[in-house]
$ cat query_22.txt   # compact mmCIF, C-alpha atoms
# COMPACT_ATOMS: atom_id res chain seq x y z
CA MET A 677 -26.54 -6.53 -1.74
CA GLU A 678 -24.63 -3.88 0.18
CA LYS A 679 -24.33 -0.18 -0.61
CA VAL A 680 -22.15 2.54 0.93
CA THR A 681 -21.24 6.15 0.29
CA ILE A 682 -17.47 6.74 0.30
CA ASP A 683 -17.77 9.68 2.72
CA ASP A 684 -19.66 7.47 5.19
CA VAL A 685 -16.82 4.91 5.38
CA GLU A 686 -14.66 5.51 8.49
CA ILE A 687 -11.10 6.71 7.90
CA GLU A 688 -8.44 4.14 8.89
CA THR A 689 -4.84 5.15 8.27
CA SER A 690 -1.64 3.10 8.18
CA PRO A 691 0.32 2.73 11.43
CA LEU A 692 3.25 4.12 9.42
CA GLU A 693 1.35 7.44 9.13
CA VAL A 694 2.02 7.73 5.38
CA HIS A 695 -1.43 9.02 4.40
CA SER A 696 -4.15 11.01 6.12
CA VAL A 697 -7.24 9.60 4.37
CA ARG A 698 -7.77 5.90 3.67
CA ARG A 699 -11.29 4.49 3.64
CA PRO A 700 -11.55 0.66 3.57
CA VAL A 701 -14.60 0.42 1.30
CA SER A 702 -14.47 -3.37 0.95
CA ARG A 703 -14.72 -3.81 4.73
CA ALA A 704 -17.79 -1.55 4.80
CA LEU A 705 -19.31 -3.62 1.99
CA GLY A 706 -18.42 -6.92 3.66
CA THR A 707 -16.49 -8.35 0.70
CA SER A 708 -14.50 -11.56 1.10
CA ASP A 709 -12.76 -11.93 -2.29
CA PHE A 710 -12.06 -8.33 -3.28
CA ALA A 711 -10.30 -5.37 -1.63
CA MET A 712 -11.14 -1.73 -2.29
CA ASN A 713 -9.62 1.24 -0.49
CA TYR A 714 -10.27 4.92 -1.21
CA PHE A 715 -7.37 7.35 -0.70
CA GLU A 716 -6.86 11.10 -0.59
CA LEU A 717 -3.12 11.77 -0.73
CA GLU A 718 -1.76 15.17 0.22
CA PRO A 719 1.58 16.19 -1.34
CA GLY A 720 4.31 13.83 -0.08
CA GLU A 721 1.90 11.11 1.10
CA SER A 722 1.77 7.54 -0.23
CA PHE A 723 -0.68 4.69 -0.62
CA SER A 724 1.47 2.26 1.40
CA GLY A 725 4.65 3.79 2.75
CA GLY A 726 7.28 1.75 0.97
CA LEU A 727 8.28 -0.47 -1.92
CA HIS A 728 6.42 -3.74 -1.30
CA THR A 729 4.72 -6.70 -2.92
CA HIS A 730 1.74 -8.89 -2.17
CA ARG A 731 2.57 -12.49 -3.06
CA ASP A 732 -1.09 -13.47 -2.69
CA GLN A 733 -2.91 -10.57 -4.33
CA GLU A 734 -2.82 -8.54 -7.52
CA GLU A 735 -3.46 -4.83 -7.19
CA VAL A 736 -4.96 -2.21 -9.49
CA PHE A 737 -4.81 1.49 -8.71
CA TYR A 738 -7.25 3.93 -10.28
CA VAL A 739 -6.43 7.64 -10.04
CA GLN A 740 -9.60 9.73 -10.01
CA ASP A 741 -7.96 13.16 -9.54
CA GLY A 742 -4.37 14.36 -9.70
CA THR A 743 -1.30 12.38 -10.71
CA ALA A 744 0.31 9.60 -8.66
CA THR A 745 3.88 8.45 -9.21
CA PHE A 746 4.62 4.74 -8.84
CA GLU A 747 8.05 3.22 -8.37
CA VAL A 748 8.03 -0.29 -9.83
CA GLY A 749 10.41 -3.20 -9.21
CA PRO A 750 13.68 -3.28 -7.31
CA ASP A 751 15.15 -0.83 -9.84
CA ARG A 752 12.33 1.64 -8.98
CA GLU A 753 11.29 2.48 -12.54
CA GLU A 754 8.91 5.46 -12.33
CA GLN A 755 5.44 5.43 -13.86
CA GLU A 756 3.08 8.39 -13.63
CA VAL A 757 -0.62 7.62 -13.45
CA ALA A 758 -2.87 10.60 -14.20
CA ALA A 759 -6.56 11.20 -13.52
CA GLY A 760 -8.67 8.63 -15.35
CA GLU A 761 -5.81 6.12 -15.64
CA CYS A 762 -5.18 2.74 -13.98
CA ILE A 763 -2.07 0.70 -13.26
CA ARG A 764 -1.95 -3.05 -12.44
CA PHE A 765 0.60 -4.98 -10.40
CA ALA A 766 0.79 -8.76 -10.55
CA PRO A 767 1.31 -10.82 -7.37
CA GLY A 768 5.01 -10.61 -6.50
CA GLU A 769 5.62 -7.31 -8.35
CA PHE A 770 7.20 -4.66 -6.11
CA GLN A 771 5.63 -1.17 -6.17
CA VAL A 772 4.93 1.99 -4.18
CA GLY A 773 2.66 4.87 -5.17
CA THR A 774 3.13 8.44 -3.94
CA ASN A 775 1.86 11.95 -4.49
CA ASP A 776 4.94 13.82 -5.71
CA SER A 777 2.87 16.77 -6.94
CA GLU A 778 1.61 19.87 -5.16
CA ASP A 779 -2.03 18.88 -5.71
CA LEU A 780 -4.32 16.42 -3.94
CA VAL A 781 -4.42 12.89 -5.41
CA ILE A 782 -7.68 10.96 -5.08
CA GLY A 783 -7.57 7.30 -5.99
CA PHE A 784 -8.61 3.74 -5.30
CA ALA A 785 -6.54 0.63 -4.57
CA LEU A 786 -8.29 -2.55 -5.71
CA GLY A 787 -7.07 -6.06 -4.94
CA ALA A 788 -8.06 -9.66 -5.48
CA PRO A 789 -8.53 -12.51 -4.65
CA LYS A 790 -8.76 -11.42 -0.99
CA SER A 791 -10.52 -8.61 0.83
CA SER A 792 -7.68 -8.03 3.30
CA HIS A 793 -3.94 -8.53 3.48
CA ASP A 794 -2.26 -11.72 4.58
CA PHE A 795 0.76 -10.01 6.16
CA GLU A 796 2.88 -13.17 5.85
CA GLU A 797 2.52 -12.76 2.06
CA ILE A 798 3.80 -9.15 1.99
CA GLU A 799 7.46 -8.30 1.49
CA SER A 800 9.04 -4.87 1.58
CA ILE A 801 12.32 -3.54 0.24
CA VAL A 802 13.86 -1.28 2.91
CA PRO A 803 17.35 -0.46 4.18
CA CYS A 804 18.40 -3.09 6.72
CA ARG A 805 19.41 -1.57 10.05
CA GLU A 806 22.02 -4.29 10.51
CA CYS A 807 23.62 -4.93 7.09
CA GLY A 808 22.96 -1.41 5.81
CA GLU A 809 21.83 -2.70 2.40
CA GLU A 810 18.43 -2.19 0.82
CA THR A 811 17.08 -5.73 1.06
CA VAL A 812 13.82 -7.69 1.00
CA HIS A 813 12.19 -7.81 4.43
CA ARG A 814 9.34 -10.07 5.55
CA LEU A 815 6.51 -8.17 7.21
CA GLU A 816 4.13 -8.99 10.01
CA LEU A 817 1.60 -7.02 12.03
CA THR A 818 2.44 -6.62 15.73
CA ASP A 819 -0.07 -6.94 18.58
CA GLU A 820 0.22 -3.17 19.05
CA GLY A 821 -0.85 -2.51 15.43
CA GLY A 822 2.59 -1.65 14.06
CA PHE A 823 4.81 -3.61 11.70
CA ARG A 824 7.74 -5.94 12.35
CA PHE A 825 10.27 -6.17 9.52
CA ALA A 826 12.79 -9.05 9.21
CA CYS A 827 15.72 -8.86 6.78
CA GLU A 828 15.91 -11.93 4.53
CA GLU A 829 19.71 -11.48 4.20
CA CYS A 830 20.82 -11.31 7.85
CA GLY A 831 17.64 -11.98 9.85
CA ASN A 832 17.74 -8.66 11.74
CA GLU A 833 14.30 -7.51 12.94
CA PHE A 834 12.92 -4.06 13.78
CA GLU A 835 9.49 -2.52 14.38
CA MET A 836 7.82 0.60 13.04
CA GLY A 837 4.51 2.30 13.78
CA ALA A 838 2.04 2.00 16.66
$ encode --input "query_22.txt" --output "structure tokens"
Amino acid sequence: MEKVTIDDVEIETSPLEVHSVRRPVSRALGTSDFAMNYFELEPGESFSGGLHTHRDQEEVFYVQDGTATFEVGPDREEQEVAAGECIRFAPGEFQVGTNDSEDLVIGFALGAPKSSHDFEEIESIVPCRECGEETVHRLELTDEGGFRFACEECGNEFEMGA
């Protein structure tokens, strides 16, 4: 058995600097088959930083306080998730969650069947710096702690963060 208090879990933010408070609860608990991250999103911040999918993990978001706005799928259909509500994304379903309000959003991201991301199984939809189109990009973590994106249409690569 392991037990932690959320406030005692160290803050670890994304190299893309898209949120100011992310606490990797599952790492503190030592889980191997389940991911749990606590977030406090200020206005304009997001859980992840961009429209993406996990091919190897389903995700559930629980909003404890405030209202988060999720863009879902390549067509970016909007879904609001208010305090006390949850939203689930199947493996392979593109999504991004943001705080579009003027109030703080507090929520949890829960994932299974792994406790951490396999970056080779994550894809992001971003504008390609070569073709100019919004296309699917493969994602990998760099040695410096940033991200390398590779366009699946033209193969162009670029790095962001760290």
$ residues_around --input "query_22.txt" --residues "stretch 777-793 of chain A" --least-positions-apart "5" --cutoff "7 Å" --atoms "only C-alpha atoms" --output "number ranges by chain"
A: 702, 707-719, 733-744
$ residues_around --input "query_22.txt" --residues "A:Val757" --least-positions-apart "2" --cutoff "8 Å" --atoms "all atoms listed in the file" --output "list in words"
Val739, Thr743, Ala744, Thr745, Phe746, Gln755, Ala759, Glu761, Cys762 and Ile763 of chain A
$ closest_residue --input "query_22.txt" --among "A:Gln771, A:Thr681, A:Asn832, A:Thr689" --to "A:Pro803" --atoms "all atoms listed in the file"
A:Asn832
$ closest_residue --input "query_22.txt" --among "A:Ser690, A:Ser696, A:Ser724, A:Thr729" --to "A:Ser800" --atoms "all atoms listed in the file"
A:Thr729
$ closest_residue --input "query_22.txt" --among "A:Asp776, A:Glu678, A:Glu753, A:Glu688" --to "A:Gly720" --atoms "only C-alpha atoms"
A:Asp776
$ atom_distance --input "query_22.txt" --atom1 "atom CA of A:Val772" --atom2 "atom CA of A:Met836"
17.5 Å
$ closest_residue --input "query_22.txt" --among "A:Arg731, A:Arg752, A:Arg814, A:Arg703" --to "A:Glu829" --atoms "all atoms listed in the file"
A:Arg814
$ atom_distance --input "query_22.txt" --atom1 "atom CA of A:Glu769" --atom2 "atom CA of A:Asp751"
11.6 Å
